[in-house]
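Following: one structure in structure tokens, then a few remarks.
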Amino acid sequence: MQDIFIFSDEEKEKIKFLRNLFNKIKRWDKKKFKISCYCKSLCLYIPNGYSDNTVNKYLLNNEQEIYRKAYWTFNPDIPKVEIKDNQILFLGRLYSFKLDTELQDIYKIDNDNLIIYSNKNLKLKNNLLEFYNKQAHIIFTERVKYYSEKLNIKIKKINIGVYKNKLGETAGKGDILLDERIILAPIPSIDSVINHELAHYFHLDHSPMFYKKLEEIYTTYYKDFIWFNLYMPCNYPPKDIIEV
């Protein structure tokens with residue numbers, strides 16, 4: 001007889017997210033679970049006779065392995081949510097935009113009601129890019145400072161710009177380059193990019209030793225980086241269909 005597991009609301013959300021990472025979930029005659037990676041697809045094989053409740057417990061117990069394999073192989077097929085005309089994507093969340101011409105500061109963010117107020121129209125491209133650029137410089141500088149000091153790494157210069165083919169790069173000894181577009185992502189996802197670049201101060205290549213070091217200094221790297229695979233818009237500033 002199988003055990004019955006009780007999950008918290010947070011665990012239920014995590015289970016839902018983990019299930020969505022698989023392109024296929026199939027039953028089979030063997031007695032063991034198997035996570036298979038094939039042709040950019042992530043598949044979960046479940047022994048016949050196991051309840052969904054037991055499967056959910058397996059997912060939670062093996063979430064790090066799932067995130068790691070998803071990072072390298074998966075091509076998700078998840079329903080999309082359209083950004084409405086009055087919404088802005090910022091730090092991984094959709095905010096409604098409201099123009100407030102009497103606002104003394106240029107921007108005001110209400111995280112409780114998910115509203116961005118501004119005395120500039122952020123639905124105009126140049127104003128939105130100014131907002132993203134300013135926030136990127138403030139937030140990226142703080143995050144790099146925090147993690148570099150934690151790792152005892154001296155950063156001489158942080159270069160922030162829009163780069164088509166990379167989210168970050170270790171540009172030279174003491175220099176780090178970050179793509180301004182990652183301001184669209186949640187803070188943990190931004191941190192995953194920063195720690196990826198800082199790990200290059202220990203290993204310049206992408207060898208197994210590099211990823212071992214990366215997992216050591218940022219244990220949730222694979223989980224946090226997945227946001228870019230799932231949700232990162234193709235356009236900047238974003239105006240197409242994305243997932244949030």
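Letters A, B, ... go to the chains of the structure tokens in the order shown; residues in each chain start at 1; ligands are counted from 1 in the same order.
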Segment 30-40 of chain A surroundings by only C-alpha atoms, 8 Å radius, close-in-sequence under 3 positions cut, as a list of chain:residue names: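 Once the adjacent positions are removed, what remains is A:Cys43, A:Leu44, A:Tyr45, A:Ile46, A:Pro47, A:Asn48, A:Ile66, A:Lys69, A:Thr73, A:Phe74, A:Asn75.
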Could you name the residues that touch segment 100-111 of chain A at 9 Å or less, counting only C-alpha atoms, but leaving out those on the same chain fewer than 5 positions away, as a PDB file with C-alpha atoms, in the first residue's frame?
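Okay, this is what ended up in around-v6.pdb:
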ATOM      1  CA  TYR A  95       2.754  45.176 -13.602  1.00  0.00           C
ATOM      2  CA  ILE A 116       4.067  50.809 -11.733  1.00  0.00           C
ATOM      3  CA  TYR A 117       3.358  54.552 -11.494  1.00  0.00           C
ATOM      4  CA  SER A 118       5.435  57.047 -13.472  1.00  0.00           C
ATOM      5  CA  ASN A 119       5.324  60.694 -14.482  1.00  0.00           C
ATOM      6  CA  LYS A 120       6.554  59.493 -17.876  1.00  0.00           C
ATOM      7  CA  ASN A 121       4.539  57.309 -20.222  1.00  0.00           C
ATOM      8  CA  PHE A 131      13.346  52.828 -16.929  1.00  0.00           C
TER       9      PHE A 131
END
Across A:Asp224, A:Asp205, A:Glu169, A:Glu11, the smallest distance to Ser189 of chain A, with only C-alpha atoms counted, is shown by A:Asp224
Could you work out how far atom CA of Lys134 of chain A lies from atom CA of Ile88 of chain A, giving the answer in Å with one decimal?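 Atom CA of Lys134 of chain A lies 15.3 Å from atom CA of Ile88 of chain A.
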So that I can check the surroundings of segment 147-162 of chain A, please list as JSON, numbers by chain every protein, DNA and RNA residue that reaches within 9 Å of it, counting only C-alpha atoms and ignoring chain neighbours fewer than 6 positions away. {"A": [133, 136, 137, 140, 141, 171, 173, 174, 175, 176, 177, 178, 179, 180, 181, 191, 194, 195, 198, 201, 217, 236]}
Residues of segment 39-209 of chain A in alpha helix (DSSP H), written as an MDAnalysis selection string: chainID A and resid 52:61 63:73 125:150 187:199 208:209
Interatomic distance (Å, one decimal) between atom CA of Ile25 of chain A and atom CA of Thr54 of chain A: 14.1 Å
